[in-house]
Amino acid sequence: MKLDTICVQGGWTPQKGEPRVLPIVQSTTFKYDNSEQMARLFDLEDSSYFYTRLANPTTDAVARKICALEGGVGAMLLSSGQAANFFAIINICQAGDHVVSSSTLYGGTFNLFAVTLKKYGIETTFVNPEASDAEIQAAFRPNTKALFGETISNPGVEVLDIEKFARIAHRNGVPLIVDNTFATPINCRPFEWGADIVTHSTTKYMDGHATSVGGVIVDSGNFDWDANAERFPGLTTPDESYHGLTYTKTFGRNAFITKATVQLMRDLGSTPSPQNAFLLNLGLETLHLRMPRHCSNALAVAQWLEQQPEVKWVSYPGLKSSPFYERAQKYMPSGSCGVIAFALNGTNDDAIAFIDRLKFIAIVTHVADARSCVLHPASHTHRQLSPEQLRAAGVAPDLIRLSVGIEDPSDIIADLDQALHCAR
Ligand SMILES: *Cc1c(COP(=O)(O)O)cnc(C)c1O
């Protein structure tokens with residue numbers, strides 16, 4: 001099936017007499033006839049539902065849809081995008097391990113890597129994603145377990161050279177993990193360019209209506225854990241918590257996502273609610289219609305902003321003036337995303353005054369939904385970061401993040417125009 005059809009039909013194929021619409025299985029638990037049946041489930045000898053912390057029919061159906069959209073072998077929904085990136089890393093890293101990551105990251109991910117994971121003994125070296133192959137290579141250590149990046153960085157909207165990152169990761173025997181939140185599989189499918197694991201904050205375009213916080217991990221099934229067995233003992237040696245089962249032996253190409261589900265979700269429980277999965281599915285049913293509109297609206301707004309004398313700079317991968325234009329044409333030829341980064345001439349106070357004058361473009365700690373919204377990362381999402389960390393994360397202090405919605409583009413431009421006009 002093509003992507004547009006998967007958006008509408010994927011994940012749930014009702015049989016005779018079953019609901020046409022994906023049902024919300026709002027049940028913590030599932031009934032069996034005898035103790036033997038239940039025991040086999042706990043030993044992973046049978047796969048069926050027994051407790052919603054591990055798996056639930058509604059969330060599984062939505063995971064199957066996203067898995068098909070990304071072209072993976074398995075996927076797992078989580079309660080947030082933060083949980084998705086956390087689980088993707090700790091599924092293969094433990095205390096004493098190391099990660100190399102692009103420095104241009106969502107603020108929450110940067111904090112997770114720089115502060116919280118470090119407290120648990122997992123260290124991250126941040127690299128400028130535009131640095132040379134040799135410079136990025138120099139960040140690798142014998143204990144490095146993954147390379148991480150965002151296909152389009154939040155909030156800098158810089159496009160990752162996925163093939164370069166995949167080449168470096170694989171040369172070092174580690175997977176490339178890519179956060180594909182902003183591009184979505186409608187615009188970019190990182191597995192086709194060599195990424196091994198994809199994560200998303202489904203809170204953004206996938207949900208699309210700002211109703212439900214959620215995340216997902218998708219496994220391409222392509223990374224050969226056994227070929228690098230000594231580096232990934234969690235996947236390639238027996239798990240004592242399952243009577244000595246070895247994930248790569250028992251689950252083959254599904255080893256990564258199975259371990260994440262049966263071990264990490266069991267022990268850490270960042271479980272999405274079936275109700276939220278249902279709402280996410282409603283969003284996914286129109287993702288293929290919304291993304292092109294976000295992109296065409298954002299391009300029109302970016303081109304308009306570029307012509308305003310009050311505007312200092314505009315960063316949008318769809319602009320011919322963008323240093324990422326050619327790369328975006330390669331990796332996401334039908335469009336990048338609806339997010340624009342720009343700055344005004346004048347002081348930070350001028351930028352904040354401009355934002356305060358906007359009418360329906362709302363100030364919200366959110367991005368990438370149907371309604372246009374705006375944020376000043378240096379004073380909002382990224383305010384925990386030091387000036388050097390801000391620079392490294394691609395967040396200029398004057399950067400305004402504008403998330404262009406799917407309203408009529410002339411109304412969006414009119415709102416920006418009136419807010420700029422007052423500033424004159
Ligand atoms: C929002 C976001 C996250 C975090 O996701 P939550 O759903 O808010 O936990 C991670 N990565 C990117 C790129 C994001 O935009």
# chains A, B, ... in the order shown; residues from 1 in each chain; ligands from 1

$ closest_atom_pairs --of "chain A" --to "ligand 1" --cutoff "10 Å" --atoms "only C-alpha atoms and all ligand atoms" --output "tab-separated table"
residue	atom	partner	partner_atom_place_in_ligand_line	distance
A:Leu78	CA	ligand 1	7 (O)	9.1
A:Ser79	CA	ligand 1	7 (O)	7.7
A:Ser80	CA	ligand 1	9 (O)	4.1
A:Gly81	CA	ligand 1	5 (O)	3.3
A:Gln82	CA	ligand 1	9 (O)	3.9
A:Ala83	CA	ligand 1	9 (O)	6.5
A:Ala84	CA	ligand 1	9 (O)	7.8
A:Asn85	CA	ligand 1	10 (C)	7.1
A:Phe86	CA	ligand 1	10 (C)	9.9
A:Thr104	CA	ligand 1	13 (C)	9.9
A:Leu105	CA	ligand 1	13 (C)	6.9
A:Tyr106	CA	ligand 1	13 (C)	5.1
A:Gly107	CA	ligand 1	10 (C)	8.2
A:Gly108	CA	ligand 1	4 (C)	6.2
A:Thr109	CA	ligand 1	10 (C)	6.1
A:Phe110	CA	ligand 1	11 (N)	9.4
A:Gly149	CA	ligand 1	13 (C)	9.4
A:Glu150	CA	ligand 1	13 (C)	6.4
A:Thr151	CA	ligand 1	13 (C)	8.6
A:Ile152	CA	ligand 1	13 (C)	7.7
A:Ser153	CA	ligand 1	13 (C)	6.4
A:Asn154	CA	ligand 1	13 (C)	5.3
A:Pro155	CA	ligand 1	15 (O)	7.9
A:Val157	CA	ligand 1	13 (C)	9.9
A:Val178	CA	ligand 1	13 (C)	9.6
A:Asp179	CA	ligand 1	13 (C)	6.0
A:Asn180	CA	ligand 1	13 (C)	7.0
A:Thr181	CA	ligand 1	13 (C)	5.1
A:Phe182	CA	ligand 1	13 (C)	6.3
A:Ala183	CA	ligand 1	13 (C)	9.5
A:Thr199	CA	ligand 1	11 (N)	8.1
A:His200	CA	ligand 1	11 (N)	6.5
A:Ser201	CA	ligand 1	5 (O)	4.2
A:Thr202	CA	ligand 1	7 (O)	6.2
A:Thr203	CA	ligand 1	7 (O)	4.8
A:Lys204	CA	ligand 1	1 (C)	6.7
A:Tyr205	CA	ligand 1	15 (O)	9.5
A:Ser212	CA	ligand 1	7 (O)	8.5
A:Val213	CA	ligand 1	7 (O)	5.0
A:Gly214	CA	ligand 1	7 (O)	5.0
A:Gly215	CA	ligand 1	7 (O)	5.7
A:Val216	CA	ligand 1	7 (O)	9.2
A:Thr365	CA	ligand 1	1 (C)	9.3
A:His366	CA	ligand 1	1 (C)	7.4
A:Val367	CA	ligand 1	15 (O)	7.2
A:Ala368	CA	ligand 1	15 (O)	8.2
A:Thr381	CA	ligand 1	1 (C)	9.9

$ residues_around --residues "range 326-343 of chain A" --least-positions-apart "4" --cutoff "8 Å" --atoms "only C-alpha atoms" --output "ChimeraX atom specification"
/A:152,155-157,159,161,182-183,187-188,291-292,294-298,302,311-318,351,367-368,398-405

$ select_by_dssp --residues "range 31-129 of chain A" --states "alpha helix (DSSP H)" --output "short mmCIF file (atom, residue, chain, number, x, y, z; two decimals) with N, CA, C and O atoms, in the first residue's frame"
data_model
loop_
_atom_site.label_atom_id
_atom_site.label_comp_id
_atom_site.auth_asym_id
_atom_site.auth_seq_id
_atom_site.Cartn_x
_atom_site.Cartn_y
_atom_site.Cartn_z
N SER A 35 -4.28 -21.53 34.04
CA SER A 35 -3.02 -20.98 34.53
C SER A 35 -1.88 -21.25 33.55
O SER A 35 -0.97 -20.42 33.38
N GLU A 36 -1.92 -22.39 32.87
CA GLU A 36 -0.90 -22.77 31.89
C GLU A 36 -0.83 -21.72 30.76
O GLU A 36 0.26 -21.27 30.36
N GLN A 37 -1.99 -21.29 30.26
CA GLN A 37 -2.02 -20.28 29.19
C GLN A 37 -1.33 -19.00 29.65
O GLN A 37 -0.56 -18.39 28.91
N MET A 38 -1.63 -18.60 30.87
CA MET A 38 -1.06 -17.36 31.41
C MET A 38 0.45 -17.50 31.59
O MET A 38 1.22 -16.60 31.26
N ALA A 39 0.90 -18.66 32.07
CA ALA A 39 2.33 -18.89 32.32
C ALA A 39 3.12 -18.78 31.02
O ALA A 39 4.21 -18.21 30.99
N ARG A 40 2.57 -19.33 29.94
CA ARG A 40 3.26 -19.27 28.65
C ARG A 40 3.43 -17.83 28.17
O ARG A 40 4.45 -17.49 27.55
N LEU A 41 2.47 -16.99 28.47
CA LEU A 41 2.59 -15.57 28.10
C LEU A 41 3.74 -14.92 28.84
O LEU A 41 4.55 -14.19 28.25
N PHE A 42 3.84 -15.21 30.14
CA PHE A 42 4.91 -14.61 30.94
C PHE A 42 6.28 -15.10 30.52
O PHE A 42 7.28 -14.40 30.71
N PRO A 57 -4.39 -3.98 22.43
CA PRO A 57 -4.79 -4.07 21.02
C PRO A 57 -4.92 -2.71 20.32
O PRO A 57 -4.57 -2.60 19.15
N THR A 58 -5.41 -1.69 21.02
CA THR A 58 -5.56 -0.38 20.37
C THR A 58 -4.19 0.23 20.09
O THR A 58 -3.91 0.67 18.96
N THR A 59 -3.32 0.24 21.11
CA THR A 59 -1.99 0.85 20.90
C THR A 59 -1.20 0.05 19.87
O THR A 59 -0.48 0.62 19.05
N ASP A 60 -1.33 -1.28 19.88
CA ASP A 60 -0.61 -2.10 18.91
C ASP A 60 -1.03 -1.79 17.47
O ASP A 60 -0.19 -1.76 16.57
N ALA A 61 -2.32 -1.58 17.27
CA ALA A 61 -2.80 -1.29 15.91
C ALA A 61 -2.18 0.02 15.41
O ALA A 61 -1.77 0.12 14.25
N VAL A 62 -2.09 1.01 16.30
CA VAL A 62 -1.53 2.31 15.89
C VAL A 62 -0.02 2.17 15.66
O VAL A 62 0.52 2.74 14.71
N ALA A 63 0.64 1.36 16.49
CA ALA A 63 2.07 1.10 16.28
C ALA A 63 2.30 0.43 14.92
O ALA A 63 3.24 0.75 14.19
N ARG A 64 1.41 -0.51 14.56
CA ARG A 64 1.54 -1.20 13.26
C ARG A 64 1.40 -0.20 12.11
O ARG A 64 2.11 -0.27 11.11
N LYS A 65 0.49 0.76 12.26
CA LYS A 65 0.30 1.77 11.20
C LYS A 65 1.58 2.59 11.04
O LYS A 65 2.07 2.78 9.92
N ILE A 66 2.14 3.08 12.15
CA ILE A 66 3.34 3.92 12.06
C ILE A 66 4.52 3.09 11.55
O ILE A 66 5.34 3.58 10.76
N CYS A 67 4.58 1.83 11.96
CA CYS A 67 5.63 0.93 11.49
C CYS A 67 5.57 0.82 9.96
O CYS A 67 6.59 0.91 9.27
N ALA A 68 4.36 0.64 9.43
CA ALA A 68 4.19 0.52 7.98
C ALA A 68 4.56 1.84 7.29
O ALA A 68 5.17 1.85 6.22
N LEU A 69 4.20 2.98 7.90
CA LEU A 69 4.53 4.28 7.29
C LEU A 69 6.04 4.47 7.20
O LEU A 69 6.55 5.00 6.21
N GLU A 70 6.78 4.02 8.23
CA GLU A 70 8.24 4.18 8.21
C GLU A 70 8.93 3.04 7.46
O GLU A 70 10.12 3.13 7.18
N GLY A 81 7.21 11.53 23.58
CA GLY A 81 8.41 11.52 22.74
C GLY A 81 9.67 11.42 23.58
O GLY A 81 10.65 10.78 23.18
N GLN A 82 9.65 12.05 24.76
CA GLN A 82 10.80 11.94 25.67
C GLN A 82 11.06 10.47 26.02
O GLN A 82 12.21 10.01 26.01
N ALA A 83 9.99 9.74 26.34
CA ALA A 83 10.13 8.32 26.68
C ALA A 83 10.68 7.56 25.48
O ALA A 83 11.50 6.64 25.64
N ALA A 84 10.27 7.93 24.27
CA ALA A 84 10.73 7.21 23.07
C ALA A 84 12.25 7.35 22.92
O ALA A 84 12.96 6.36 22.71
N ASN A 85 12.75 8.59 23.05
CA ASN A 85 14.20 8.76 22.90
C ASN A 85 14.97 8.13 24.06
O ASN A 85 16.03 7.54 23.87
N PHE A 86 14.41 8.23 25.27
CA PHE A 86 15.03 7.61 26.44
C PHE A 86 15.14 6.09 26.26
O PHE A 86 16.22 5.50 26.42
N PHE A 87 14.02 5.47 25.89
CA PHE A 87 14.02 4.01 25.73
C PHE A 87 14.92 3.57 24.57
O PHE A 87 15.58 2.54 24.66
N ALA A 88 14.91 4.35 23.48
CA ALA A 88 15.73 3.96 22.31
C ALA A 88 17.20 3.90 22.71
O ALA A 88 17.94 3.02 22.27
N ILE A 89 17.62 4.82 23.58
CA ILE A 89 19.03 4.84 24.01
C ILE A 89 19.29 3.74 25.04
O ILE A 89 20.21 2.93 24.87
N ILE A 90 18.48 3.68 26.09
CA ILE A 90 18.83 2.73 27.16
C ILE A 90 18.55 1.28 26.78
O ILE A 90 18.97 0.37 27.47
N GLY A 107 15.22 20.77 22.91
CA GLY A 107 15.75 21.08 24.24
C GLY A 107 15.60 19.95 25.25
O GLY A 107 16.50 19.68 26.04
N GLY A 108 14.45 19.27 25.21
CA GLY A 108 14.20 18.16 26.15
C GLY A 108 15.16 17.01 25.93
O GLY A 108 15.63 16.37 26.88
N THR A 109 15.47 16.73 24.67
CA THR A 109 16.40 15.65 24.35
C THR A 109 17.81 16.03 24.77
O THR A 109 18.57 15.21 25.30
N PHE A 110 18.15 17.31 24.55
CA PHE A 110 19.47 17.79 24.96
C PHE A 110 19.65 17.62 26.47
O PHE A 110 20.66 17.08 26.94
N ASN A 111 18.64 18.03 27.25
CA ASN A 111 18.71 17.86 28.71
C ASN A 111 18.81 16.40 29.11
O ASN A 111 19.58 16.03 30.00
N LEU A 117 20.85 11.37 31.59
CA LEU A 117 21.54 10.11 31.28
C LEU A 117 22.93 10.08 31.89
O LEU A 117 23.42 9.04 32.33
N LYS A 118 23.56 11.25 31.95
CA LYS A 118 24.90 11.35 32.52
C LYS A 118 24.91 10.91 33.98
O LYS A 118 25.84 10.23 34.43
N LYS A 119 23.83 11.28 34.71
CA LYS A 119 23.73 10.89 36.12
C LYS A 119 23.67 9.38 36.27
O LYS A 119 24.02 8.84 37.31
#

$ residues_around --residues "His98 in chain A" --least-positions-apart "3" --cutoff "12 Å" --atoms "only C-alpha atoms" --output "MDAnalysis selection string"
chainID A and resid 89:90 92:95 101 113:114 117:118 120:126 139:148 174 231

$ select_by_dssp --residues "range 124-333 of chain A" --states "strand (DSSP E or B)" --output "PyMOL selection string"
chain A and resi 124-127+144-150+152+159+176-179+197-201+215-219+239+245+311-315

$ write_last_selection --atoms "N, CA and C atoms" --output "CSV table (one decimal), in the first residue's frame"
chain,number,residue,atom,x,y,z
A,124,THR,N,27.3,11.5,26.8
A,124,THR,CA,27.1,11.9,25.4
A,124,THR,C,28.1,12.9,25.0
A,125,THR,N,28.7,12.7,23.8
A,125,THR,CA,29.5,13.7,23.1
A,125,THR,C,28.7,14.4,22.0
A,126,PHE,N,28.5,15.7,22.1
A,126,PHE,CA,27.7,16.4,21.1
A,126,PHE,C,28.7,16.9,20.0
A,127,VAL,N,28.2,16.6,18.7
A,127,VAL,CA,29.0,17.1,17.6
A,127,VAL,C,28.2,18.0,16.7
A,144,THR,N,31.3,3.5,22.7
A,144,THR,CA,30.2,4.2,22.0
A,144,THR,C,29.2,3.2,21.5
A,145,LYS,N,27.9,3.4,21.8
A,145,LYS,CA,26.8,2.5,21.4
A,145,LYS,C,25.8,3.0,20.4
A,146,ALA,N,25.8,4.3,20.1
A,146,ALA,CA,24.8,4.8,19.2
A,146,ALA,C,25.2,6.2,18.7
A,147,LEU,N,24.8,6.5,17.4
A,147,LEU,CA,24.8,7.8,16.9
A,147,LEU,C,23.4,8.3,16.8
A,148,PHE,N,23.2,9.6,17.2
A,148,PHE,CA,21.8,10.1,17.3
A,148,PHE,C,21.7,11.5,16.6
A,149,GLY,N,20.6,11.7,15.9
A,149,GLY,CA,20.3,13.0,15.3
A,149,GLY,C,18.8,13.2,15.0
A,150,GLU,N,18.5,14.4,14.7
A,150,GLU,CA,17.1,14.7,14.3
A,150,GLU,C,17.1,15.0,12.8
A,152,ILE,N,15.0,16.8,11.0
A,152,ILE,CA,15.0,18.2,10.9
A,152,ILE,C,15.0,18.7,12.4
A,159,VAL,N,18.5,20.5,8.4
A,159,VAL,CA,18.3,19.1,7.8
A,159,VAL,C,19.6,18.3,8.0
A,176,LEU,N,22.4,4.0,13.8
A,176,LEU,CA,22.0,5.4,13.7
A,176,LEU,C,20.5,5.5,14.2
A,177,ILE,N,20.3,6.3,15.2
A,177,ILE,CA,19.0,6.5,15.7
A,177,ILE,C,18.6,7.9,15.3
A,178,VAL,N,17.4,8.1,14.7
A,178,VAL,CA,17.0,9.4,14.1
A,178,VAL,C,15.6,9.7,14.7
A,179,ASP,N,15.5,10.9,15.2
A,179,ASP,CA,14.2,11.5,15.6
A,179,ASP,C,13.6,12.2,14.4
A,197,ILE,N,17.1,3.0,13.5
A,197,ILE,CA,16.0,3.1,14.5
A,197,ILE,C,15.4,4.5,14.3
A,198,VAL,N,14.1,4.6,14.2
A,198,VAL,CA,13.5,6.0,14.1
A,198,VAL,C,12.6,6.2,15.4
A,199,THR,N,12.7,7.4,15.9
A,199,THR,CA,11.8,7.8,17.0
A,199,THR,C,10.9,9.0,16.6
A,200,HIS,N,9.8,9.2,17.3
A,200,HIS,CA,9.0,10.3,17.0
A,200,HIS,C,8.4,10.8,18.3
A,201,SER,N,8.2,12.1,18.4
A,201,SER,CA,7.2,12.6,19.4
A,201,SER,C,5.9,12.7,18.5
A,215,GLY,N,4.7,9.1,22.0
A,215,GLY,CA,5.9,8.8,21.3
A,215,GLY,C,5.9,7.4,20.7
A,216,VAL,N,6.8,7.2,19.8
A,216,VAL,CA,6.9,5.9,19.1
A,216,VAL,C,8.4,5.6,18.8
A,217,ILE,N,8.8,4.3,18.9
A,217,ILE,CA,10.1,3.8,18.4
A,217,ILE,C,9.8,2.9,17.3
A,218,VAL,N,10.4,3.0,16.1
A,218,VAL,CA,10.3,2.1,15.0
A,218,VAL,C,11.7,1.5,14.7
A,219,ASP,N,11.7,0.2,14.6
A,219,ASP,CA,12.9,-0.6,14.3
A,219,ASP,C,12.9,-1.0,12.8
A,239,ASP,N,19.0,-13.0,28.9
A,239,ASP,CA,18.3,-12.1,29.8
A,239,ASP,C,17.8,-12.9,31.0
A,245,LEU,N,16.6,-16.2,28.1
A,245,LEU,CA,16.3,-16.0,26.7
A,245,LEU,C,17.3,-15.0,26.1
A,311,VAL,N,12.7,41.9,9.3
A,311,VAL,CA,13.2,40.6,9.5
A,311,VAL,C,14.7,40.5,9.2
A,312,LYS,N,15.4,40.0,10.2
A,312,LYS,CA,16.9,39.9,10.1
A,312,LYS,C,17.3,38.7,9.3
A,313,TRP,N,16.7,37.5,9.7
A,313,TRP,CA,17.0,36.3,8.9
A,313,TRP,C,15.8,35.3,9.0
A,314,VAL,N,15.8,34.5,8.0
A,314,VAL,CA,14.7,33.4,8.0
A,314,VAL,C,15.4,32.1,7.7
A,315,SER,N,15.1,31.1,8.4
A,315,SER,CA,15.6,29.7,8.2
A,315,SER,C,14.4,28.8,7.9

$ atom_distance --atom1 "CA of Ala414 in chain A" --atom2 "CA of Ser322 in chain A"
23.9 Å

$ residues_around --residues "Leu289 in chain A" --least-positions-apart "5" --cutoff "12 Å" --atoms "only C-alpha atoms" --output "JSON, numbers by chain"
{"A": [3, 4, 5, 7, 8, 186, 187, 205, 206, 208, 283, 284, 294, 295, 296, 370, 406]}

$ write_last_selection --atoms "N, CA, C and O atoms" --output "PDB file, in the first residue's frame"
ATOM      1  N   LEU A   3       1.713   5.272   0.965  1.00  0.00           N
ATOM      2  CA  LEU A   3       1.647   5.939   2.274  1.00  0.00           C
ATOM      3  C   LEU A   3       0.252   6.504   2.576  1.00  0.00           C
ATOM      4  O   LEU A   3      -0.241   6.381   3.696  1.00  0.00           O
ATOM      5  N   ASP A   4      -0.371   7.127   1.564  1.00  0.00           N
ATOM      6  CA  ASP A   4      -1.680   7.753   1.806  1.00  0.00           C
ATOM      7  C   ASP A   4      -2.712   6.713   2.241  1.00  0.00           C
ATOM      8  O   ASP A   4      -3.570   6.982   3.097  1.00  0.00           O
ATOM      9  N   THR A   5      -2.631   5.540   1.647  1.00  0.00           N
ATOM     10  CA  THR A   5      -3.575   4.472   1.995  1.00  0.00           C
ATOM     11  C   THR A   5      -3.271   3.919   3.385  1.00  0.00           C
ATOM     12  O   THR A   5      -4.196   3.641   4.167  1.00  0.00           O
ATOM     13  N   CYS A   7      -2.018   5.578   5.850  1.00  0.00           N
ATOM     14  CA  CYS A   7      -2.538   6.562   6.822  1.00  0.00           C
ATOM     15  C   CYS A   7      -3.999   6.275   7.154  1.00  0.00           C
ATOM     16  O   CYS A   7      -4.411   6.340   8.308  1.00  0.00           O
ATOM     17  N   VAL A   8      -4.770   5.945   6.144  1.00  0.00           N
ATOM     18  CA  VAL A   8      -6.203   5.757   6.344  1.00  0.00           C
ATOM     19  C   VAL A   8      -6.527   4.336   6.823  1.00  0.00           C
ATOM     20  O   VAL A   8      -7.315   4.147   7.751  1.00  0.00           O
ATOM     21  N   ILE A 186       5.702  10.956   5.990  1.00  0.00           N
ATOM     22  CA  ILE A 186       5.111  11.470   4.740  1.00  0.00           C
ATOM     23  C   ILE A 186       6.180  12.206   3.928  1.00  0.00           C
ATOM     24  O   ILE A 186       6.219  12.115   2.706  1.00  0.00           O
ATOM     25  N   ASN A 187       7.063  12.922   4.623  1.00  0.00           N
ATOM     26  CA  ASN A 187       8.075  13.710   3.907  1.00  0.00           C
ATOM     27  C   ASN A 187       9.448  13.045   3.853  1.00  0.00           C
ATOM     28  O   ASN A 187      10.219  13.344   2.947  1.00  0.00           O
ATOM     29  N   TYR A 205       3.073  16.486  14.555  1.00  0.00           N
ATOM     30  CA  TYR A 205       2.230  16.340  13.362  1.00  0.00           C
ATOM     31  C   TYR A 205       1.398  15.067  13.349  1.00  0.00           C
ATOM     32  O   TYR A 205       0.304  15.042  12.793  1.00  0.00           O
ATOM     33  N   MET A 206       1.914  13.964  13.887  1.00  0.00           N
ATOM     34  CA  MET A 206       1.171  12.704  13.795  1.00  0.00           C
ATOM     35  C   MET A 206      -0.191  12.832  14.473  1.00  0.00           C
ATOM     36  O   MET A 206      -1.216  12.530  13.875  1.00  0.00           O
ATOM     37  N   GLY A 208      -1.339  15.855  15.485  1.00  0.00           N
ATOM     38  CA  GLY A 208      -1.721  16.960  14.612  1.00  0.00           C
ATOM     39  C   GLY A 208      -2.752  17.921  15.161  1.00  0.00           C
ATOM     40  O   GLY A 208      -2.989  18.970  14.579  1.00  0.00           O
ATOM     41  N   GLY A 283      -5.572  11.311  14.084  1.00  0.00           N
ATOM     42  CA  GLY A 283      -4.642  12.259  13.468  1.00  0.00           C
ATOM     43  C   GLY A 283      -3.924  11.638  12.285  1.00  0.00           C
ATOM     44  O   GLY A 283      -3.827  12.242  11.215  1.00  0.00           O
ATOM     45  N   LEU A 284      -3.452  10.413  12.459  1.00  0.00           N
ATOM     46  CA  LEU A 284      -2.703   9.748  11.387  1.00  0.00           C
ATOM     47  C   LEU A 284      -3.542   9.572  10.129  1.00  0.00           C
ATOM     48  O   LEU A 284      -3.020   9.566   9.014  1.00  0.00           O
ATOM     49  N   HIS A 294       0.792  22.084   5.461  1.00  0.00           N
ATOM     50  CA  HIS A 294       1.746  22.728   6.376  1.00  0.00           C
ATOM     51  C   HIS A 294       2.937  23.265   5.580  1.00  0.00           C
ATOM     52  O   HIS A 294       3.405  24.381   5.809  1.00  0.00           O
ATOM     53  N   CYS A 295       3.421  22.444   4.638  1.00  0.00           N
ATOM     54  CA  CYS A 295       4.632  22.816   3.889  1.00  0.00           C
ATOM     55  C   CYS A 295       4.369  23.969   2.925  1.00  0.00           C
ATOM     56  O   CYS A 295       5.178  24.893   2.834  1.00  0.00           O
ATOM     57  N   SER A 296       3.248  23.941   2.211  1.00  0.00           N
ATOM     58  CA  SER A 296       2.996  25.027   1.249  1.00  0.00           C
ATOM     59  C   SER A 296       2.699  26.331   1.997  1.00  0.00           C
ATOM     60  O   SER A 296       3.140  27.413   1.588  1.00  0.00           O
ATOM     61  N   ALA A 370      -2.315  21.683  13.860  1.00  0.00           N
ATOM     62  CA  ALA A 370      -3.138  22.325  12.836  1.00  0.00           C
ATOM     63  C   ALA A 370      -3.219  23.844  13.006  1.00  0.00           C
ATOM     64  O   ALA A 370      -3.380  24.585  12.039  1.00  0.00           O
ATOM     65  N   ILE A 406      -2.522  24.956   9.342  1.00  0.00           N
ATOM     66  CA  ILE A 406      -3.158  24.681   8.054  1.00  0.00           C
ATOM     67  C   ILE A 406      -4.328  25.629   7.802  1.00  0.00           C
ATOM     68  O   ILE A 406      -5.257  25.316   7.059  1.00  0.00           O
TER      69      ILE A 406
END

$ residues_around --residues "range 246-252 of chain A" --least-positions-apart "4" --cutoff "9 Å" --atoms "only C-alpha atoms" --output "list of chain:residue names"
A:Gly221, A:Trp225, A:Asp226, A:Gly234, A:Leu235, A:Thr236, A:Thr237, A:Pro238, A:Asp239, A:Tyr242, A:Phe256, A:Thr258, A:Lys259

$ closest_residue --among "A:Ser48, A:Glu285, A:Pro272, A:Asp349" --to "Trp12 in chain A" --atoms "only C-alpha atoms"
A:Glu285

$ residues_around --residues "Arg53 in chain A" --least-positions-apart "2" --cutoff "7 Å" --atoms "only C-alpha atoms" --output "list in words"
Tyr51, Ala55, Met265, Arg266, Gly269 and Thr271 of chain A

$ write_last_selection --atoms "C-alpha atoms" --output "CSV table (one decimal), in the first residue's frame"
chain,number,residue,atom,x,y,z
A,51,TYR,CA,-1.6,-6.5,30.7
A,55,ALA,CA,0.7,-4.4,25.1
A,265,MET,CA,8.1,-1.3,29.2
A,266,ARG,CA,7.7,-4.0,31.8
A,269,GLY,CA,6.3,1.5,32.2
A,271,THR,CA,2.7,3.2,28.6
